[in-house]
$ cat upload.cif   # mmCIF, C-alpha atoms
data_protein
loop_
_atom_site.label_atom_id
_atom_site.label_comp_id
_atom_site.auth_asym_id
_atom_site.auth_seq_id
_atom_site.Cartn_x
_atom_site.Cartn_y
_atom_site.Cartn_z
CA MET A 1 104.21 125.15 98.94
CA LYS A 2 104.11 123.25 102.21
CA LEU A 3 106.08 120.01 102.63
CA ILE A 4 105.17 117.14 104.95
CA THR A 5 107.25 113.99 105.45
CA ILE A 6 105.17 110.95 106.36
CA ALA A 7 106.90 107.71 107.33
CA GLY A 8 106.07 104.48 109.11
CA PRO A 9 106.41 100.71 109.02
CA PRO A 10 105.01 98.84 106.00
CA SER A 11 101.22 98.31 106.00
CA SER A 12 100.65 100.74 108.87
CA GLY A 13 98.13 102.72 106.83
CA LYS A 14 100.22 105.62 105.50
CA THR A 15 98.49 105.78 102.13
CA SER A 16 95.02 105.78 103.68
CA VAL A 17 96.06 108.56 106.07
CA ILE A 18 97.36 110.64 103.15
CA LEU A 19 94.20 110.09 101.10
CA HIS A 20 92.05 111.28 104.01
CA LEU A 21 94.44 114.18 104.64
CA ALA A 22 93.96 115.27 101.02
CA GLN A 23 90.19 115.35 101.54
CA ALA A 24 90.34 117.13 104.88
CA ALA A 25 92.91 119.73 103.82
CA ARG A 26 90.85 121.05 100.89
CA ALA A 27 94.06 122.01 99.10
CA ARG A 28 95.90 120.85 96.00
CA LEU A 29 98.01 118.02 97.37
CA GLY A 30 100.56 115.81 95.64
CA VAL A 31 102.53 112.79 96.76
CA VAL A 32 106.01 111.44 96.11
CA LYS A 33 106.29 107.88 97.34
CA PHE A 34 109.70 106.43 98.15
CA ASP A 35 109.73 102.64 98.32
CA CYS A 36 112.13 99.77 97.91
CA LEU A 37 111.05 97.18 95.34
CA ALA A 38 107.35 97.55 94.54
CA SER A 39 104.28 99.62 95.33
CA PHE A 40 100.61 99.31 94.47
CA ASP A 41 99.49 102.66 95.87
CA GLN A 42 99.98 104.83 92.80
CA GLU A 43 96.64 103.73 91.37
CA ARG A 44 94.86 104.71 94.61
CA TYR A 45 96.30 108.20 94.38
CA GLU A 46 95.53 108.51 90.68
CA ASP A 47 91.95 107.34 91.23
CA ALA A 48 91.59 110.11 93.81
CA GLY A 49 92.95 112.67 91.35
CA ILE A 50 96.14 113.22 93.34
CA PRO A 51 99.37 113.90 91.39
CA VAL A 52 101.89 111.21 92.31
CA ARG A 53 105.39 110.04 91.51
CA THR A 54 106.89 106.79 92.79
CA GLY A 55 110.57 105.91 93.12
CA PHE A 56 112.18 102.61 94.04
CA SER A 57 115.53 102.45 95.80
CA GLY A 58 116.23 98.90 94.64
CA LYS A 59 119.52 97.72 96.10
CA PHE A 60 120.32 101.12 97.63
CA CYS A 61 119.49 102.26 101.18
CA PRO A 62 115.98 103.81 101.06
CA ASP A 63 117.08 106.70 103.29
CA HIS A 64 120.00 107.57 101.02
CA PHE A 65 117.66 107.29 98.03
CA PHE A 66 115.25 109.69 99.75
CA VAL A 67 117.93 112.29 100.49
CA ASN A 68 119.27 112.11 96.93
CA ASN A 69 115.83 112.75 95.42
CA VAL A 70 113.76 114.84 97.84
CA GLU A 71 114.95 118.22 96.49
CA ALA A 72 113.91 117.18 92.97
CA ALA A 73 110.56 116.12 94.45
CA VAL A 74 110.08 119.60 95.94
CA GLN A 75 110.82 121.25 92.61
CA TRP A 76 108.37 118.88 90.89
CA GLY A 77 105.68 119.91 93.35
CA ARG A 78 106.38 123.61 92.80
CA ARG A 79 106.19 123.21 89.02
CA LEU A 80 102.75 121.65 89.43
CA GLY A 81 101.63 124.52 91.64
CA LEU A 82 100.83 122.26 94.60
CA ASP A 83 99.72 123.71 97.92
CA ILE A 84 100.99 120.68 99.84
CA LEU A 85 103.56 118.05 98.90
CA VAL A 86 103.69 114.85 100.94
CA THR A 87 106.64 112.50 100.79
CA GLU A 88 105.72 108.96 101.84
CA SER A 89 108.44 106.58 103.03
CA ALA A 90 108.13 103.02 104.28
CA GLY A 91 110.39 102.40 107.26
CA LEU A 92 111.56 99.04 106.02
CA CYS A 93 114.11 98.51 108.77
CA ASN A 94 112.48 100.80 111.39
CA ARG A 95 115.83 102.63 111.58
CA CYS A 96 114.89 105.01 108.79
CA SER A 97 115.06 108.77 109.36
CA PRO A 98 113.34 110.57 106.46
CA HIS A 99 112.49 113.72 108.46
CA ILE A 100 113.94 117.17 107.86
CA ALA A 101 114.61 119.83 110.49
CA GLY A 102 111.95 122.53 110.29
CA ILE A 103 109.63 120.46 108.06
CA LEU A 104 106.41 118.95 109.46
CA ALA A 105 107.18 115.29 110.21
CA VAL A 106 104.54 112.60 110.74
CA CYS A 107 104.94 108.93 111.69
CA VAL A 108 102.13 106.44 111.10
CA VAL A 109 101.91 103.31 113.27
CA ASP A 110 99.07 100.86 113.74
CA HIS A 111 97.61 99.09 116.74
CA LEU A 112 97.81 95.64 115.15
CA SER A 113 101.60 95.77 115.04
CA GLY A 114 101.75 95.21 118.81
CA ILE A 115 102.01 97.42 121.89
CA HIS A 116 105.81 97.25 121.91
CA THR A 117 106.17 98.47 118.32
CA PRO A 118 106.77 102.16 119.19
CA ARG A 119 109.86 101.16 121.15
CA LYS A 120 111.16 99.20 118.16
CA VAL A 121 110.85 102.14 115.78
CA GLY A 122 113.72 104.60 115.49
CA PRO A 123 114.03 108.26 114.46
CA MET A 124 111.01 108.24 112.17
CA LEU A 125 108.83 108.02 115.31
CA ARG A 126 111.11 109.42 118.01
CA LEU A 127 111.72 112.68 116.12
CA ALA A 128 108.27 113.13 114.56
CA ASP A 129 106.08 116.17 115.24
CA ALA A 130 102.93 114.06 115.04
CA VAL A 131 102.13 110.37 115.35
CA ALA A 132 99.05 109.06 113.55
CA VAL A 133 97.81 105.80 115.07
CA THR A 134 95.60 103.69 112.83
CA LYS A 135 93.35 100.59 113.11
CA GLY A 136 92.14 101.59 116.58
CA ASP A 137 88.60 100.60 115.64
CA ILE A 138 89.46 96.90 115.89
CA VAL A 139 91.12 96.88 119.31
CA SER A 140 89.78 97.61 122.78
CA GLN A 141 89.91 100.95 124.56
CA ALA A 142 92.42 99.50 127.03
CA GLU A 143 94.70 98.42 124.19
CA ARG A 144 94.45 101.88 122.62
CA GLU A 145 95.47 103.51 125.89
CA VAL A 146 98.43 101.17 126.40
CA PHE A 147 99.62 101.75 122.84
CA ARG A 148 99.32 105.52 123.24
CA HIS A 149 101.36 105.32 126.44
CA SER A 150 104.02 103.33 124.58
CA VAL A 151 104.18 106.04 121.90
CA ARG A 152 104.46 108.73 124.55
CA GLN A 153 107.38 106.92 126.21
CA VAL A 154 109.33 107.11 122.95
CA ASN A 155 108.27 110.60 121.87
CA GLY A 156 107.05 112.84 124.66
CA ASN A 157 106.58 115.91 122.46
CA ALA A 158 104.61 114.67 119.46
CA LYS A 159 100.92 115.25 118.98
CA ILE A 160 99.17 111.87 118.81
CA PHE A 161 96.15 111.41 116.54
CA SER A 162 93.91 108.40 116.11
CA ILE A 163 92.91 108.20 112.46
CA ASN A 164 90.42 105.74 111.03
CA GLY A 165 91.81 104.58 107.70
CA ILE A 166 88.32 103.66 106.42
CA THR A 167 86.20 106.65 107.47
CA GLY A 168 88.96 109.24 107.81
CA GLN A 169 87.82 110.22 111.29
CA GLY A 170 90.62 112.21 112.95
CA ALA A 171 92.29 113.31 109.72
CA PHE A 172 91.03 116.87 110.14
CA LEU A 173 93.40 117.29 113.11
CA LEU A 174 96.33 116.42 110.89
CA ALA A 175 94.97 118.79 108.25
CA LYS A 176 94.99 121.62 110.80
CA MET A 177 98.66 120.93 111.48
CA ALA A 178 99.33 120.92 107.73
CA GLU A 179 97.80 124.39 107.42
CA GLY A 180 100.47 125.72 109.74
CA ALA A 181 103.35 123.87 108.10
CA ARG A 182 106.32 125.77 106.75
CA ASP A 183 106.38 127.00 103.18
CA VAL A 184 109.44 125.84 101.25
CA GLU A 185 111.01 126.77 97.95
CA THR A 186 114.10 124.57 98.26
CA LEU A 187 115.65 122.12 100.71
CA THR A 188 119.21 122.99 99.73
CA ASP A 189 121.38 123.46 102.85
CA MET A 190 118.62 122.21 105.17
CA ARG A 191 119.44 119.28 107.43
CA LEU A 192 117.99 115.89 108.25
CA ARG A 193 116.78 115.43 111.82
CA PHE A 194 118.96 112.34 112.22
CA THR A 195 121.74 110.55 110.38
CA THR A 196 120.87 107.95 107.77
CA PRO A 197 121.90 104.30 108.28
CA ALA A 198 125.60 104.03 107.47
CA ALA A 199 127.49 101.27 105.68
CA ALA A 200 130.41 101.19 103.29
CA CYS A 201 131.46 97.57 103.06
CA ALA A 202 132.15 94.83 100.55
CA TYR A 203 128.48 93.77 100.53
CA CYS A 204 127.48 97.31 99.53
CA THR A 205 129.47 96.88 96.33
CA GLY A 206 128.05 93.49 95.39
CA GLU A 207 130.02 90.90 97.38
CA MET A 208 127.89 87.79 98.03
CA ARG A 209 130.36 85.37 99.64
CA ILE A 210 130.13 84.73 103.39
CA GLY A 211 133.20 84.75 105.59
CA GLU A 212 135.55 87.18 107.33
CA ALA A 213 137.96 87.07 104.40
CA TYR A 214 135.36 88.88 102.30
CA GLN A 215 134.23 91.38 104.93
CA MET A 216 135.91 94.73 104.39
CA GLY A 217 135.03 98.32 105.19
CA MET A 218 132.52 99.45 107.82
CA MET A 219 131.43 96.40 109.79
CA ARG A 220 129.69 95.75 113.08
CA LYS A 221 130.16 92.47 114.94
CA MET A 222 128.22 90.86 117.75
CA GLU A 223 129.91 89.48 120.89
CA PHE A 224 129.06 85.82 121.54
CA GLY A 225 131.62 85.00 124.25
CA GLU A 226 132.71 81.42 124.82
#
$ encode --input "upload.cif" --output "structure tokens"
Amino acid sequence: MKLITIAGPPSSGKTSVILHLAQAARARLGVVKFDCLASFDQERYEDAGIPVRTGFSGKFCPDHFFVNNVEAAVQWGRRLGLDILVTESAGLCNRCSPHIAGILAVCVVDHLSGIHTPRKVGPMLRLADAVAVTKGDIVSQAEREVFRHSVRQVNGNAKIFSINGITGQGAFLLAKMAEGARDVETLTDMRLRFTTPAAACAYCTGEMRIGEAYQMGMMRKMEFGE
């Protein structure tokens, strides 16, 4: 079974890209969606006949939730006899890093988020093998070129695809990459491409009061001067 990690900011078009990938790949594809509080995409996958499981991290860091559950997701996909398993993660803080060394990694970003967005997105774009850019049909050619240049400044090695979330145009290029993705049986002992966001402080354990007297553990302070 081949594994692909797909990540990107909320509402960038990840689900549409995956649905079109499933059509273009002509393979038995399943999805495990990692989200925070709520998701309405499961019905879209089910309507398309795509096996899907959805998990919510709740009050926990989504990246840590992903790492704790991705091996079980792989084993679920193998039990179903999938050809391709896609994990979908929303980069809620743009610092997220749900990519695994040696596993095909894709980041989805959209033109409507602004030309500076690629430089605001962390490891999920900077360390991706491919960047799928959506919603290009509603901006000018000049804007598309500027956005592509911005992506290239952040990640000079990734393949950049323009994918139309409505028609699916461009998804076949991603499907060709998927065909060459690595087969996996387990992720045990494999490594993330980047560290997950770190915090071990009083607020992690439920503290709600504001003030330095209540701030313990790993903290990071800003310098405001005089």
$ resolve_selection --input "upload.cif" --expression "the PyMOL selection byres ((chain A and resi 132) around 6)" --output "number ranges by chain"
A: 108, 131, 133, 160-162
$ closest_residue --input "upload.cif" --among "A:Lys59, A:Leu125, A:Thr54, A:Gly49" --to "Tyr203 in chain A" --atoms "all atoms listed in the file"
A:Lys59
$ residues_around --input "upload.cif" --residues "range 164-180 of chain A" --least-positions-apart "2" --cutoff "7 Å" --atoms "all atoms listed in the file" --output "ChimeraX atom specification"
/A:13,16-17,20-21,24-25,134-135,161-162,182
$ resolve_selection --input "upload.cif" --expression "the PyMOL selection byres ((chain A and resi 28) around 10)" --output "PyMOL selection string"
chain A and resi 1+22-23+25-27+29-30+49-51+80-85
$ atom_distance --input "upload.cif" --atom1 "CA of Thr15 in chain A" --atom2 "CA of Gln75 in chain A"
22.0 Å
$ closest_residue --input "upload.cif" --among "A:Val146, A:Leu19, A:Met208, A:Val67" --to "Asp189 in chain A" --atoms "all atoms listed in the file"
A:Val67
$ closest_residue --input "upload.cif" --among "A:Phe147, A:Tyr45, A:Phe56, A:Phe40" --to "Asn69 in chain A" --atoms "all atoms listed in the file"
A:Phe56
$ residues_around --input "upload.cif" --residues "range 151-154 of chain A" --least-positions-apart "5" --cutoff "7 Å" --atoms "all atoms listed in the file" --output "PyMOL selection string"
chain A and resi 118-119+126
$ resolve_selection --input "upload.cif" --expression "the PyMOL selection byres ((chain A and resi 88-95) around 6)" --output "list in words"
Ile6, Ala7, Gly8, Pro9, Pro10, Lys33, Phe34, Thr87, Cys96, Val121 and Gly122 of chain A
$ closest_residue --input "upload.cif" --among "A:Gln215, A:Ser150, A:Thr117, A:Thr186" --to "Lys2 in chain A" --atoms "only C-alpha atoms"
A:Thr186
$ closest_residue --input "upload.cif" --among "A:Gly114, A:Gly77, A:Pro98, A:Gly211" --to "Phe65 in chain A" --atoms "all atoms listed in the file"
A:Pro98
$ atom_distance --input "upload.cif" --atom1 "CA of Arg193 in chain A" --atom2 "CA of Ala73 in chain A"
18.5 Å
$ closest_residue --input "upload.cif" --among "A:Met124, A:Cys61, A:Ile103, A:Val109" --to "Leu37 in chain A" --atoms "all atoms listed in the file"
A:Cys61
